[in-house]
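Student: Structure file model10.pdb, PDB, C-alpha atoms and all ligand atoms, is pasted below:
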ATOM      1  CA  MET A   1      -1.677  23.076  -2.097  1.00  0.00           C
ATOM      2  CA  SER A   2       1.378  24.928  -3.344  1.00  0.00           C
ATOM      3  CA  ALA A   3       4.322  24.031  -1.089  1.00  0.00           C
ATOM      4  CA  GLN A   4       6.142  20.862  -2.017  1.00  0.00           C
ATOM      5  CA  ARG A   5       5.932  18.102   0.560  1.00  0.00           C
ATOM      6  CA  ALA A   6       8.714  15.743   1.620  1.00  0.00           C
ATOM      7  CA  LEU A   7       8.478  12.457  -0.249  1.00  0.00           C
ATOM      8  CA  ARG A   8       7.796  10.531   2.902  1.00  0.00           C
ATOM      9  CA  LEU A   9       4.283   9.337   2.391  1.00  0.00           C
ATOM     10  CA  VAL A  10       1.734   7.028   3.910  1.00  0.00           C
ATOM     11  CA  LEU A  11      -0.754   5.554   1.448  1.00  0.00           C
ATOM     12  CA  LEU A  12      -4.026   4.863   3.176  1.00  0.00           C
ATOM     13  CA  GLY A  13      -7.187   3.280   1.835  1.00  0.00           C
ATOM     14  CA  PRO A  14      -9.008  -0.033   1.584  1.00  0.00           C
ATOM     15  CA  PRO A  15      -7.537  -3.038  -0.224  1.00  0.00           C
ATOM     16  CA  GLY A  16      -7.922  -2.576  -3.973  1.00  0.00           C
ATOM     17  CA  ALA A  17      -8.033   1.234  -3.870  1.00  0.00           C
ATOM     18  CA  GLY A  18      -4.772   1.512  -5.832  1.00  0.00           C
ATOM     19  CA  LYS A  19      -2.143   2.052  -3.130  1.00  0.00           C
ATOM     20  CA  GLY A  20       0.339  -0.478  -4.507  1.00  0.00           C
ATOM     21  CA  THR A  21      -0.036   0.711  -8.089  1.00  0.00           C
ATOM     22  CA  GLN A  22       0.550   4.340  -7.165  1.00  0.00           C
ATOM     23  CA  ALA A  23       3.398   3.489  -4.775  1.00  0.00           C
ATOM     24  CA  ARG A  24       5.179   1.693  -7.596  1.00  0.00           C
ATOM     25  CA  ILE A  25       4.704   4.680  -9.927  1.00  0.00           C
ATOM     26  CA  LEU A  26       6.010   7.099  -7.270  1.00  0.00           C
ATOM     27  CA  GLU A  27       9.049   4.892  -6.811  1.00  0.00           C
ATOM     28  CA  GLU A  28       9.752   4.679 -10.554  1.00  0.00           C
ATOM     29  CA  ARG A  29       9.322   8.396 -11.205  1.00  0.00           C
ATOM     30  CA  PHE A  30      10.588  10.023  -8.032  1.00  0.00           C
ATOM     31  CA  GLY A  31      12.893   7.497  -6.405  1.00  0.00           C
ATOM     32  CA  ALA A  32      10.920   7.250  -3.160  1.00  0.00           C
ATOM     33  CA  LEU A  33      11.209   3.635  -2.079  1.00  0.00           C
ATOM     34  CA  GLN A  34       7.959   1.669  -1.978  1.00  0.00           C
ATOM     35  CA  ILE A  35       7.746  -0.192   1.315  1.00  0.00           C
ATOM     36  CA  SER A  36       4.803  -2.582   1.233  1.00  0.00           C
ATOM     37  CA  THR A  37       4.106  -4.560   4.392  1.00  0.00           C
ATOM     38  CA  GLY A  38       2.015  -7.002   2.369  1.00  0.00           C
ATOM     39  CA  ASP A  39       4.896  -7.651  -0.082  1.00  0.00           C
ATOM     40  CA  LEU A  40       7.395  -8.039   2.784  1.00  0.00           C
ATOM     41  CA  LEU A  41       5.088 -10.495   4.545  1.00  0.00           C
ATOM     42  CA  ARG A  42       4.419 -12.479   1.357  1.00  0.00           C
ATOM     43  CA  LYS A  43       8.180 -12.782   0.851  1.00  0.00           C
ATOM     44  CA  HIS A  44       8.547 -14.159   4.383  1.00  0.00           C
ATOM     45  CA  VAL A  45       5.734 -16.645   3.674  1.00  0.00           C
ATOM     46  CA  ALA A  46       7.333 -17.720   0.369  1.00  0.00           C
ATOM     47  CA  ASP A  47      10.745 -18.101   2.036  1.00  0.00           C
ATOM     48  CA  GLY A  48       9.218 -20.110   4.893  1.00  0.00           C
ATOM     49  CA  THR A  49      10.751 -17.933   7.629  1.00  0.00           C
ATOM     50  CA  SER A  50       9.407 -18.192  11.178  1.00  0.00           C
ATOM     51  CA  LEU A  51       7.893 -14.732  10.758  1.00  0.00           C
ATOM     52  CA  GLY A  52       6.177 -15.927   7.571  1.00  0.00           C
ATOM     53  CA  LEU A  53       4.843 -19.054   9.271  1.00  0.00           C
ATOM     54  CA  GLU A  54       3.364 -16.937  12.035  1.00  0.00           C
ATOM     55  CA  ALA A  55       1.867 -14.360   9.656  1.00  0.00           C
ATOM     56  CA  LYS A  56       0.358 -16.751   7.116  1.00  0.00           C
ATOM     57  CA  SER A  57      -2.862 -17.775   8.855  1.00  0.00           C
ATOM     58  CA  TYR A  58      -3.762 -14.160   9.653  1.00  0.00           C
ATOM     59  CA  MET A  59      -3.168 -13.152   6.047  1.00  0.00           C
ATOM     60  CA  ASN A  60      -5.161 -16.018   4.592  1.00  0.00           C
ATOM     61  CA  SER A  61      -8.171 -15.141   6.724  1.00  0.00           C
ATOM     62  CA  GLY A  62      -8.048 -11.383   6.024  1.00  0.00           C
ATOM     63  CA  ALA A  63      -7.107 -10.420   9.596  1.00  0.00           C
ATOM     64  CA  LEU A  64      -4.227  -8.143  10.573  1.00  0.00           C
ATOM     65  CA  VAL A  65      -0.913  -9.718  11.484  1.00  0.00           C
ATOM     66  CA  PRO A  66      -0.052  -8.833  15.130  1.00  0.00           C
ATOM     67  CA  ASP A  67       1.575  -5.436  15.717  1.00  0.00           C
ATOM     68  CA  SER A  68       4.521  -7.048  17.518  1.00  0.00           C
ATOM     69  CA  ILE A  69       5.596  -8.621  14.199  1.00  0.00           C
ATOM     70  CA  ILE A  70       4.788  -5.680  11.953  1.00  0.00           C
ATOM     71  CA  ILE A  71       6.298  -2.792  13.900  1.00  0.00           C
ATOM     72  CA  GLY A  72       9.757  -4.335  14.289  1.00  0.00           C
ATOM     73  CA  MET A  73       9.795  -5.406  10.641  1.00  0.00           C
ATOM     74  CA  MET A  74       8.935  -1.878   9.467  1.00  0.00           C
ATOM     75  CA  GLU A  75      11.363  -0.153  11.795  1.00  0.00           C
ATOM     76  CA  ASP A  76      14.203  -2.169  10.267  1.00  0.00           C
ATOM     77  CA  ARG A  77      13.057  -1.308   6.771  1.00  0.00           C
ATOM     78  CA  ILE A  78      12.450   2.418   7.261  1.00  0.00           C
ATOM     79  CA  LYS A  79      15.410   3.513   9.324  1.00  0.00           C
ATOM     80  CA  GLY A  80      17.981   3.764   6.527  1.00  0.00           C
ATOM     81  CA  GLU A  81      15.702   5.540   4.047  1.00  0.00           C
ATOM     82  CA  ASN A  82      15.137   9.219   3.497  1.00  0.00           C
ATOM     83  CA  ALA A  83      12.293   9.103   0.968  1.00  0.00           C
ATOM     84  CA  PHE A  84       9.682   6.357   1.129  1.00  0.00           C
ATOM     85  CA  VAL A  85       6.119   5.486   0.299  1.00  0.00           C
ATOM     86  CA  LEU A  86       4.515   3.302   2.945  1.00  0.00           C
ATOM     87  CA  ASP A  87       1.981   1.021   1.291  1.00  0.00           C
ATOM     88  CA  GLY A  88      -0.221  -0.870   3.744  1.00  0.00           C
ATOM     89  CA  PHE A  89       1.332   0.474   6.942  1.00  0.00           C
ATOM     90  CA  PRO A  90       0.163   1.708   9.384  1.00  0.00           C
ATOM     91  CA  ARG A  91      -3.060  -0.312   9.501  1.00  0.00           C
ATOM     92  CA  ASN A  92      -4.313   0.646  12.977  1.00  0.00           C
ATOM     93  CA  VAL A  93      -3.830   3.395  15.548  1.00  0.00           C
ATOM     94  CA  ALA A  94      -1.171   1.513  17.538  1.00  0.00           C
ATOM     95  CA  GLN A  95       0.939   1.149  14.376  1.00  0.00           C
ATOM     96  CA  ALA A  96       0.433   4.838  13.522  1.00  0.00           C
ATOM     97  CA  GLU A  97       1.628   5.827  17.000  1.00  0.00           C
ATOM     98  CA  ALA A  98       4.656   3.559  16.663  1.00  0.00           C
ATOM     99  CA  LEU A  99       5.426   5.114  13.260  1.00  0.00           C
ATOM    100  CA  ASP A 100       5.147   8.634  14.681  1.00  0.00           C
ATOM    101  CA  ALA A 101       7.550   7.766  17.486  1.00  0.00           C
ATOM    102  CA  MET A 102       9.974   6.139  15.040  1.00  0.00           C
ATOM    103  CA  LEU A 103       9.969   9.103  12.622  1.00  0.00           C
ATOM    104  CA  LEU A 104      10.356  11.593  15.452  1.00  0.00           C
ATOM    105  CA  ARG A 105      13.393   9.713  16.671  1.00  0.00           C
ATOM    106  CA  LEU A 106      14.829   9.623  13.141  1.00  0.00           C
ATOM    107  CA  ASP A 107      13.886  13.291  12.530  1.00  0.00           C
ATOM    108  CA  LYS A 108      12.083  12.334   9.308  1.00  0.00           C
ATOM    109  CA  PRO A 109       8.568  13.752   9.504  1.00  0.00           C
ATOM    110  CA  LEU A 110       5.883  12.557   7.113  1.00  0.00           C
ATOM    111  CA  GLY A 111       5.112  14.818   4.154  1.00  0.00           C
ATOM    112  CA  ALA A 112       1.550  13.641   3.584  1.00  0.00           C
ATOM    113  CA  VAL A 113      -0.936  10.835   4.005  1.00  0.00           C
ATOM    114  CA  LEU A 114      -2.773  10.040   0.782  1.00  0.00           C
ATOM    115  CA  LEU A 115      -6.205   8.509   1.296  1.00  0.00           C
ATOM    116  CA  PHE A 116      -7.422   6.572  -1.758  1.00  0.00           C
ATOM    117  CA  GLU A 117     -11.197   6.273  -1.694  1.00  0.00           C
ATOM    118  CA  ALA A 118     -13.369   3.748  -3.538  1.00  0.00           C
ATOM    119  CA  ASP A 119     -16.690   2.006  -2.883  1.00  0.00           C
ATOM    120  CA  GLY A 120     -16.960  -1.597  -1.676  1.00  0.00           C
ATOM    121  CA  GLU A 121     -18.498  -2.938  -4.876  1.00  0.00           C
ATOM    122  CA  THR A 122     -15.628  -1.597  -6.983  1.00  0.00           C
ATOM    123  CA  LEU A 123     -13.036  -2.942  -4.536  1.00  0.00           C
ATOM    124  CA  ILE A 124     -14.503  -6.453  -4.607  1.00  0.00           C
ATOM    125  CA  ARG A 125     -14.635  -6.382  -8.408  1.00  0.00           C
ATOM    126  CA  ARG A 126     -11.031  -5.187  -8.653  1.00  0.00           C
ATOM    127  CA  LEU A 127      -9.548  -7.601  -6.125  1.00  0.00           C
ATOM    128  CA  THR A 128     -11.239 -10.699  -7.449  1.00  0.00           C
ATOM    129  CA  ALA A 129      -9.952  -9.808 -10.968  1.00  0.00           C
ATOM    130  CA  ARG A 130      -6.419  -9.052  -9.765  1.00  0.00           C
ATOM    131  CA  TRP A 131      -3.376 -10.968 -10.999  1.00  0.00           C
ATOM    132  CA  SER A 132       0.078 -10.271  -9.670  1.00  0.00           C
ATOM    133  CA  ASN A 133       3.700 -11.111 -10.170  1.00  0.00           C
ATOM    134  CA  PRO A 134       4.791 -12.725  -6.890  1.00  0.00           C
ATOM    135  CA  ARG A 135       8.424 -11.804  -7.560  1.00  0.00           C
ATOM    136  CA  THR A 136       7.952  -8.055  -8.110  1.00  0.00           C
ATOM    137  CA  GLY A 137       4.507  -7.306  -6.688  1.00  0.00           C
ATOM    138  CA  ARG A 138       3.408  -5.769 -10.010  1.00  0.00           C
ATOM    139  CA  THR A 139      -0.345  -6.148 -10.483  1.00  0.00           C
ATOM    140  CA  TYR A 140      -2.788  -6.384 -13.374  1.00  0.00           C
ATOM    141  CA  ASN A 141      -6.555  -6.522 -13.609  1.00  0.00           C
ATOM    142  CA  SER A 142      -7.995  -9.051 -16.019  1.00  0.00           C
ATOM    143  CA  GLU A 143     -10.759  -6.589 -17.007  1.00  0.00           C
ATOM    144  CA  THR A 144      -9.382  -3.059 -16.765  1.00  0.00           C
ATOM    145  CA  ASN A 145      -5.608  -3.452 -17.003  1.00  0.00           C
ATOM    146  CA  PRO A 146      -4.842  -6.861 -18.521  1.00  0.00           C
ATOM    147  CA  PRO A 147      -1.350  -8.097 -19.386  1.00  0.00           C
ATOM    148  CA  LYS A 148      -0.623  -8.460 -23.123  1.00  0.00           C
ATOM    149  CA  VAL A 149      -0.710 -12.257 -22.740  1.00  0.00           C
ATOM    150  CA  ALA A 150      -3.088 -13.668 -20.102  1.00  0.00           C
ATOM    151  CA  GLY A 151      -1.227 -14.975 -17.054  1.00  0.00           C
ATOM    152  CA  ILE A 152       2.177 -13.588 -18.139  1.00  0.00           C
ATOM    153  CA  ASP A 153       3.893 -10.459 -16.824  1.00  0.00           C
ATOM    154  CA  ASP A 154       4.607  -7.906 -19.613  1.00  0.00           C
ATOM    155  CA  GLU A 155       7.809  -6.868 -17.842  1.00  0.00           C
ATOM    156  CA  ASP A 156       9.703 -10.042 -16.951  1.00  0.00           C
ATOM    157  CA  GLY A 157       7.688 -12.704 -18.814  1.00  0.00           C
ATOM    158  CA  GLY A 158       7.126 -14.655 -15.587  1.00  0.00           C
ATOM    159  CA  PRO A 159       3.822 -16.226 -14.506  1.00  0.00           C
ATOM    160  CA  LEU A 160       1.109 -14.152 -12.831  1.00  0.00           C
ATOM    161  CA  VAL A 161      -0.894 -15.604  -9.948  1.00  0.00           C
ATOM    162  CA  GLN A 162      -4.050 -14.744  -8.037  1.00  0.00           C
ATOM    163  CA  ARG A 163      -3.393 -14.068  -4.370  1.00  0.00           C
ATOM    164  CA  PRO A 164      -4.952 -16.594  -1.966  1.00  0.00           C
ATOM    165  CA  ASP A 165      -6.543 -13.692  -0.072  1.00  0.00           C
ATOM    166  CA  ASP A 166      -8.177 -12.214  -3.196  1.00  0.00           C
ATOM    167  CA  THR A 167     -11.098 -14.671  -3.069  1.00  0.00           C
ATOM    168  CA  PHE A 168     -14.571 -13.222  -2.522  1.00  0.00           C
ATOM    169  CA  GLU A 169     -14.861 -14.510   1.081  1.00  0.00           C
ATOM    170  CA  VAL A 170     -11.449 -13.284   2.229  1.00  0.00           C
ATOM    171  CA  VAL A 171     -11.888  -9.944   0.451  1.00  0.00           C
ATOM    172  CA  GLN A 172     -15.044  -9.367   2.485  1.00  0.00           C
ATOM    173  CA  ASN A 173     -13.096 -10.003   5.696  1.00  0.00           C
ATOM    174  CA  ARG A 174     -10.310  -7.685   4.576  1.00  0.00           C
ATOM    175  CA  LEU A 175     -12.817  -4.901   3.894  1.00  0.00           C
ATOM    176  CA  ALA A 176     -14.411  -5.428   7.332  1.00  0.00           C
ATOM    177  CA  THR A 177     -10.944  -5.346   8.939  1.00  0.00           C
ATOM    178  CA  TYR A 178     -10.245  -2.084   7.122  1.00  0.00           C
ATOM    179  CA  ASP A 179     -13.480  -0.483   8.340  1.00  0.00           C
ATOM    180  CA  ALA A 180     -12.977  -1.584  11.936  1.00  0.00           C
ATOM    181  CA  GLN A 181      -9.241  -1.068  12.411  1.00  0.00           C
ATOM    182  CA  THR A 182      -7.740   1.060   9.637  1.00  0.00           C
ATOM    183  CA  ALA A 183     -10.454   3.613   8.839  1.00  0.00           C
ATOM    184  CA  PRO A 184      -9.947   5.338  12.264  1.00  0.00           C
ATOM    185  CA  LEU A 185      -6.606   6.531  10.849  1.00  0.00           C
ATOM    186  CA  ILE A 186      -8.548   8.959   8.639  1.00  0.00           C
ATOM    187  CA  ASP A 187      -9.344  11.010  11.752  1.00  0.00           C
ATOM    188  CA  TYR A 188      -5.925  10.321  13.265  1.00  0.00           C
ATOM    189  CA  TYR A 189      -4.132  11.936  10.299  1.00  0.00           C
ATOM    190  CA  GLY A 190      -6.941  14.380   9.482  1.00  0.00           C
ATOM    191  CA  ASN A 191      -6.409  16.008  12.852  1.00  0.00           C
ATOM    192  CA  ASP A 192      -2.792  16.915  12.145  1.00  0.00           C
ATOM    193  CA  GLY A 193      -3.471  18.263   8.657  1.00  0.00           C
ATOM    194  CA  LEU A 194      -1.540  15.596   6.756  1.00  0.00           C
ATOM    195  CA  LEU A 195      -4.469  13.931   5.018  1.00  0.00           C
ATOM    196  CA  VAL A 196      -5.053  14.366   1.277  1.00  0.00           C
ATOM    197  CA  ARG A 197      -8.126  12.682  -0.225  1.00  0.00           C
ATOM    198  CA  ILE A 198      -7.759  11.119  -3.660  1.00  0.00           C
ATOM    199  CA  ASP A 199     -10.558   9.673  -5.794  1.00  0.00           C
ATOM    200  CA  GLY A 200      -9.417   6.074  -6.309  1.00  0.00           C
ATOM    201  CA  LEU A 201     -12.129   5.382  -8.885  1.00  0.00           C
ATOM    202  CA  MET A 202     -10.364   7.298 -11.638  1.00  0.00           C
ATOM    203  CA  PRO A 203      -8.124   5.548 -14.192  1.00  0.00           C
ATOM    204  CA  ILE A 204      -4.550   4.872 -12.998  1.00  0.00           C
ATOM    205  CA  GLU A 205      -2.964   7.785 -14.912  1.00  0.00           C
ATOM    206  CA  ALA A 206      -5.604  10.256 -13.681  1.00  0.00           C
ATOM    207  CA  VAL A 207      -4.996   9.168 -10.080  1.00  0.00           C
ATOM    208  CA  THR A 208      -1.246   9.677 -10.558  1.00  0.00           C
ATOM    209  CA  ALA A 209      -1.861  13.136 -12.024  1.00  0.00           C
ATOM    210  CA  GLU A 210      -4.001  14.030  -9.018  1.00  0.00           C
ATOM    211  CA  VAL A 211      -1.347  12.765  -6.581  1.00  0.00           C
ATOM    212  CA  MET A 212       1.343  14.792  -8.351  1.00  0.00           C
ATOM    213  CA  ARG A 213      -0.829  17.900  -8.340  1.00  0.00           C
ATOM    214  CA  GLU A 214      -1.607  17.536  -4.624  1.00  0.00           C
ATOM    215  CA  LEU A 215       2.043  16.988  -3.746  1.00  0.00           C
ATOM    216  CA  ALA A 216       3.334  19.676  -6.147  1.00  0.00           C
ATOM    217  CA  LEU A 217       5.652  17.016  -7.497  1.00  0.00           C
ATOM    218  CA  GLU A 218       6.696  18.438 -10.862  1.00  0.00           C
ATOM    219  CA  ASN A 219       9.910  19.898  -9.503  1.00  0.00           C
ATOM    220  CA  VAL A 220      10.993  17.168  -7.143  1.00  0.00           C
ATOM    221  CA  THR A 221      14.519  15.861  -7.513  1.00  0.00           C
ATOM    222  CA  PRO A 222      14.713  12.137  -6.746  1.00  0.00           C
ATOM    223  CA  ALA A 223      16.163  11.508  -3.295  1.00  0.00           C
TER     224      ALA A 223
HETATM  225  P1  LIG A 301      -1.860  -6.139   1.525  1.00  0.00           P
HETATM  226  O1  LIG A 301      -0.935  -6.703   0.508  1.00  0.00           O
HETATM  227  O2  LIG A 301      -1.459  -4.763   1.962  1.00  0.00           O
HETATM  228  O3  LIG A 301      -3.301  -6.217   1.091  1.00  0.00           O
HETATM  229  O4  LIG A 301      -1.708  -7.060   2.825  1.00  0.00           O
HETATM  230  C1  LIG A 301      -2.029  -8.428   2.793  1.00  0.00           C
HETATM  231  C2  LIG A 301      -2.240  -8.947   4.204  1.00  0.00           C
HETATM  232  O5  LIG A 301      -1.015  -8.808   4.936  1.00  0.00           O
HETATM  233  C3  LIG A 301      -3.275  -8.213   5.027  1.00  0.00           C
HETATM  234  O6  LIG A 301      -4.590  -8.677   4.796  1.00  0.00           O
HETATM  235  C4  LIG A 301      -2.784  -8.514   6.453  1.00  0.00           C
HETATM  236  O7  LIG A 301      -3.115  -9.837   6.839  1.00  0.00           O
HETATM  237  C5  LIG A 301      -1.291  -8.440   6.282  1.00  0.00           C
HETATM  238  N1  LIG A 301      -0.787  -7.070   6.509  1.00  0.00           N
HETATM  239  C6  LIG A 301      -0.267  -6.222   5.582  1.00  0.00           C
HETATM  240  N2  LIG A 301       0.100  -5.063   6.157  1.00  0.00           N
HETATM  241  C7  LIG A 301      -0.196  -5.181   7.478  1.00  0.00           C
HETATM  242  C8  LIG A 301      -0.063  -4.318   8.594  1.00  0.00           C
HETATM  243  N3  LIG A 301       0.454  -3.078   8.479  1.00  0.00           N
HETATM  244  N4  LIG A 301      -0.484  -4.771   9.806  1.00  0.00           N
HETATM  245  C9  LIG A 301      -0.993  -6.011   9.945  1.00  0.00           C
HETATM  246  N5  LIG A 301      -1.162  -6.869   8.936  1.00  0.00           N
HETATM  247  C10 LIG A 301      -0.760  -6.457   7.700  1.00  0.00           C
END
Give the structure from the file, written as structure tokens.

Tutor:
Amino acid sequence: MSAQRALRLVLLGPPGAGKGTQARILEERFGALQISTGDLLRKHVADGTSLGLEAKSYMNSGALVPDSIIIGMMEDRIKGENAFVLDGFPRNVAQAEALDAMLLRLDKPLGAVLLFEADGETLIRRLTARWSNPRTGRTYNSETNPPKVAGIDDEDGGPLVQRPDDTFEVVQNRLATYDAQTAPLIDYYGNDGLLVRIDGLMPIEAVTAEVMRELALENVTPA
């Protein structure tokens, strides 16, 4: 791919494939805002909002939170932004259709949909070893990408926690939810030529290099 694509991206792929990690890197290097539905929902849960109270039981069981909650929340978040990386949205065809309609109305077409691929065994291993900073969303892996001091974030020195939905049982439900509801988006976006497949098994830096190569990102000026 030679032409540069607009930095309006959807990151697609199963939980644990590296979407959040790469979204954060794209935000740091290229100024495209990371918008993570999971992070937004976890903030609502932590703040005890009515939206959070409604979302919590779905999240803790590994099911999707209803579209009626998600679509309005994302519309509010996206509308003022020109460059963004959507991490964890859309998660089913109805959400993808709502996103298309929203971006058409805003005249901000997507530049690409990056599909991060990894096998189930790797995903389970990664998620059950994942530690994150609940304040910033930054993640570590106790085996492959540990913090300098166990349980402490290198960046802000705050405590790291394991997410309640990163247990073995809930991870299995999340993977099944992905296969049943989110994987159909591979065809949805494949059909309009936006889909770019990325090998999510590579080390973090190699995945970033591949993303930059696919998006011809060397020359991008931050938005
Ligand atoms: P994530 O941090 O992306 O793994 O999301 C954590 C949980 O939040 C998911 O298992 C869902 O319960 C919920 N969630 C996140 N994004 C969405 C979405 N786009 N639609 C519905 N539920 C979502």

Student: Ligand LIG 301 (chain A): which residues are within 8 Å, counting all atoms listed in the file? Reply as a JSON list (two decimals) with C-alpha atoms, in the frame of the given file.

Tutor:
[["chain", "number", "residue", "atom", "x", "y", "z"],
["A", 15, "PRO", "CA", -7.54, -3.04, -0.22],
["A", 16, "GLY", "CA", -7.92, -2.58, -3.97],
["A", 20, "GLY", "CA", 0.34, -0.48, -4.51],
["A", 36, "SER", "CA", 4.80, -2.58, 1.23],
["A", 37, "THR", "CA", 4.11, -4.56, 4.39],
["A", 38, "GLY", "CA", 2.02, -7.00, 2.37],
["A", 39, "ASP", "CA", 4.90, -7.65, -0.08],
["A", 41, "LEU", "CA", 5.09, -10.50, 4.54],
["A", 42, "ARG", "CA", 4.42, -12.48, 1.36],
["A", 55, "ALA", "CA", 1.87, -14.36, 9.66],
["A", 56, "LYS", "CA", 0.36, -16.75, 7.12],
["A", 58, "TYR", "CA", -3.76, -14.16, 9.65],
["A", 59, "MET", "CA", -3.17, -13.15, 6.05],
["A", 60, "ASN", "CA", -5.16, -16.02, 4.59],
["A", 61, "SER", "CA", -8.17, -15.14, 6.72],
["A", 62, "GLY", "CA", -8.05, -11.38, 6.02],
["A", 63, "ALA", "CA", -7.11, -10.42, 9.60],
["A", 64, "LEU", "CA", -4.23, -8.14, 10.57],
["A", 65, "VAL", "CA", -0.91, -9.72, 11.48],
["A", 66, "PRO", "CA", -0.05, -8.83, 15.13],
["A", 67, "ASP", "CA", 1.58, -5.44, 15.72],
["A", 70, "ILE", "CA", 4.79, -5.68, 11.95],
["A", 71, "ILE", "CA", 6.30, -2.79, 13.90],
["A", 87, "ASP", "CA", 1.98, 1.02, 1.29],
["A", 88, "GLY", "CA", -0.22, -0.87, 3.74],
["A", 89, "PHE", "CA", 1.33, 0.47, 6.94],
["A", 90, "PRO", "CA", 0.16, 1.71, 9.38],
["A", 91, "ARG", "CA", -3.06, -0.31, 9.50],
["A", 92, "ASN", "CA", -4.31, 0.65, 12.98],
["A", 95, "GLN", "CA", 0.94, 1.15, 14.38],
["A", 165, "ASP", "CA", -6.54, -13.69, -0.07],
["A", 174, "ARG", "CA", -10.31, -7.68, 4.58]]

Student: When distances are computed from all atoms listed in the file, which of A:Val45, A:Asp156, A:Lys79, A:Gln22 shows the smallest separation from Ala206 (chain A)?

Tutor: A:Gln22

Student: Report the distance between CA of Glu27 (chain A) and CA of Gly190 (chain A) in Å, rounded to one decimal place.

Tutor: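 One can read the CA of Glu27 (chain A) to CA of Gly190 (chain A) distance as 24.7 Å.
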
Student: Residues proximal to (-1.0, 20.4, 12.0) were defined as those with any atom within 12 Å of that point in the file's coordinates, counting only C-alpha atoms. Which are they, as a PyMOL selection string?

Tutor: chain A and resi 109-112+188-195

Student: One number please: CA of Leu185 (chain A) to CA of Tyr140 (chain A), in Å, one decimal.

Tutor: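 Result for CA of Leu185 (chain A) versus CA of Tyr140 (chain A): 27.7 Å, one decimal.
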
Student: Of the candidates A:Gly157, A:Pro164, A:Gly18, A:Pro147, which shows the shortest atom-to-atom distance to Glu205 (chain A), using only C-alpha atoms?

Tutor: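 Going through A:Gly157, A:Pro164, A:Gly18, A:Pro147 one by one, the smallest distance to Glu205 (chain A) is for A:Gly18.
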
Student: Which residues are close to Asp199 (chain A), i.e. within 7 Å by all atoms listed in the file, leaving aside same-chain residues fewer than 4 positions away? Reply as a ChimeraX atom specification.

Tutor: /A:116-118

Student: For the selection just defined, write its residues with C-alpha atoms to a file, as a PDB file, in the coordinates of the input.

Tutor:
ATOM      1  CA  PHE A 116      -7.422   6.572  -1.758  1.00  0.00           C
ATOM      2  CA  GLU A 117     -11.197   6.273  -1.694  1.00  0.00           C
ATOM      3  CA  ALA A 118     -13.369   3.748  -3.538  1.00  0.00           C
TER       4      ALA A 118
END

Student: For this file, the PyMOL selection byres (((chain A and resi 210) around 12) and not hetatm) selects which residues, as a short mmCIF file (atom, residue, chain, number, x, y, z; two decimals) with C-alpha atoms, in the frame of the given file?

Tutor:
data_model
loop_
_atom_site.label_atom_id
_atom_site.label_comp_id
_atom_site.auth_asym_id
_atom_site.auth_seq_id
_atom_site.Cartn_x
_atom_site.Cartn_y
_atom_site.Cartn_z
CA MET A 1 -1.68 23.08 -2.10
CA GLN A 22 0.55 4.34 -7.16
CA LEU A 114 -2.77 10.04 0.78
CA LEU A 115 -6.20 8.51 1.30
CA PHE A 116 -7.42 6.57 -1.76
CA VAL A 196 -5.05 14.37 1.28
CA ARG A 197 -8.13 12.68 -0.22
CA ILE A 198 -7.76 11.12 -3.66
CA ASP A 199 -10.56 9.67 -5.79
CA GLY A 200 -9.42 6.07 -6.31
CA LEU A 201 -12.13 5.38 -8.88
CA MET A 202 -10.36 7.30 -11.64
CA PRO A 203 -8.12 5.55 -14.19
CA ILE A 204 -4.55 4.87 -13.00
CA GLU A 205 -2.96 7.78 -14.91
CA ALA A 206 -5.60 10.26 -13.68
CA VAL A 207 -5.00 9.17 -10.08
CA THR A 208 -1.25 9.68 -10.56
CA ALA A 209 -1.86 13.14 -12.02
CA VAL A 211 -1.35 12.76 -6.58
CA MET A 212 1.34 14.79 -8.35
CA ARG A 213 -0.83 17.90 -8.34
CA GLU A 214 -1.61 17.54 -4.62
CA LEU A 215 2.04 16.99 -3.75
CA ALA A 216 3.33 19.68 -6.15
CA LEU A 217 5.65 17.02 -7.50
CA GLU A 218 6.70 18.44 -10.86
#

Student: Could you tell me how far CA of Asp47 (chain A) lies from CA of Ile124 (chain A), in Å and to one decimal?

Tutor: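 Going from CA of Asp47 (chain A) over to CA of Ile124 (chain A), I get 28.6 Å.
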
Student: Quick one: which residues end up in the PyMOL selection byres (((chain A and resi 150) around 12) and not hetatm) for this structure, as JSON, numbers by chain?

Tutor: {"A": [130, 131, 132, 140, 141, 142, 143, 145, 146, 147, 148, 149, 151, 152, 153, 154, 157, 158, 159, 160, 161]}
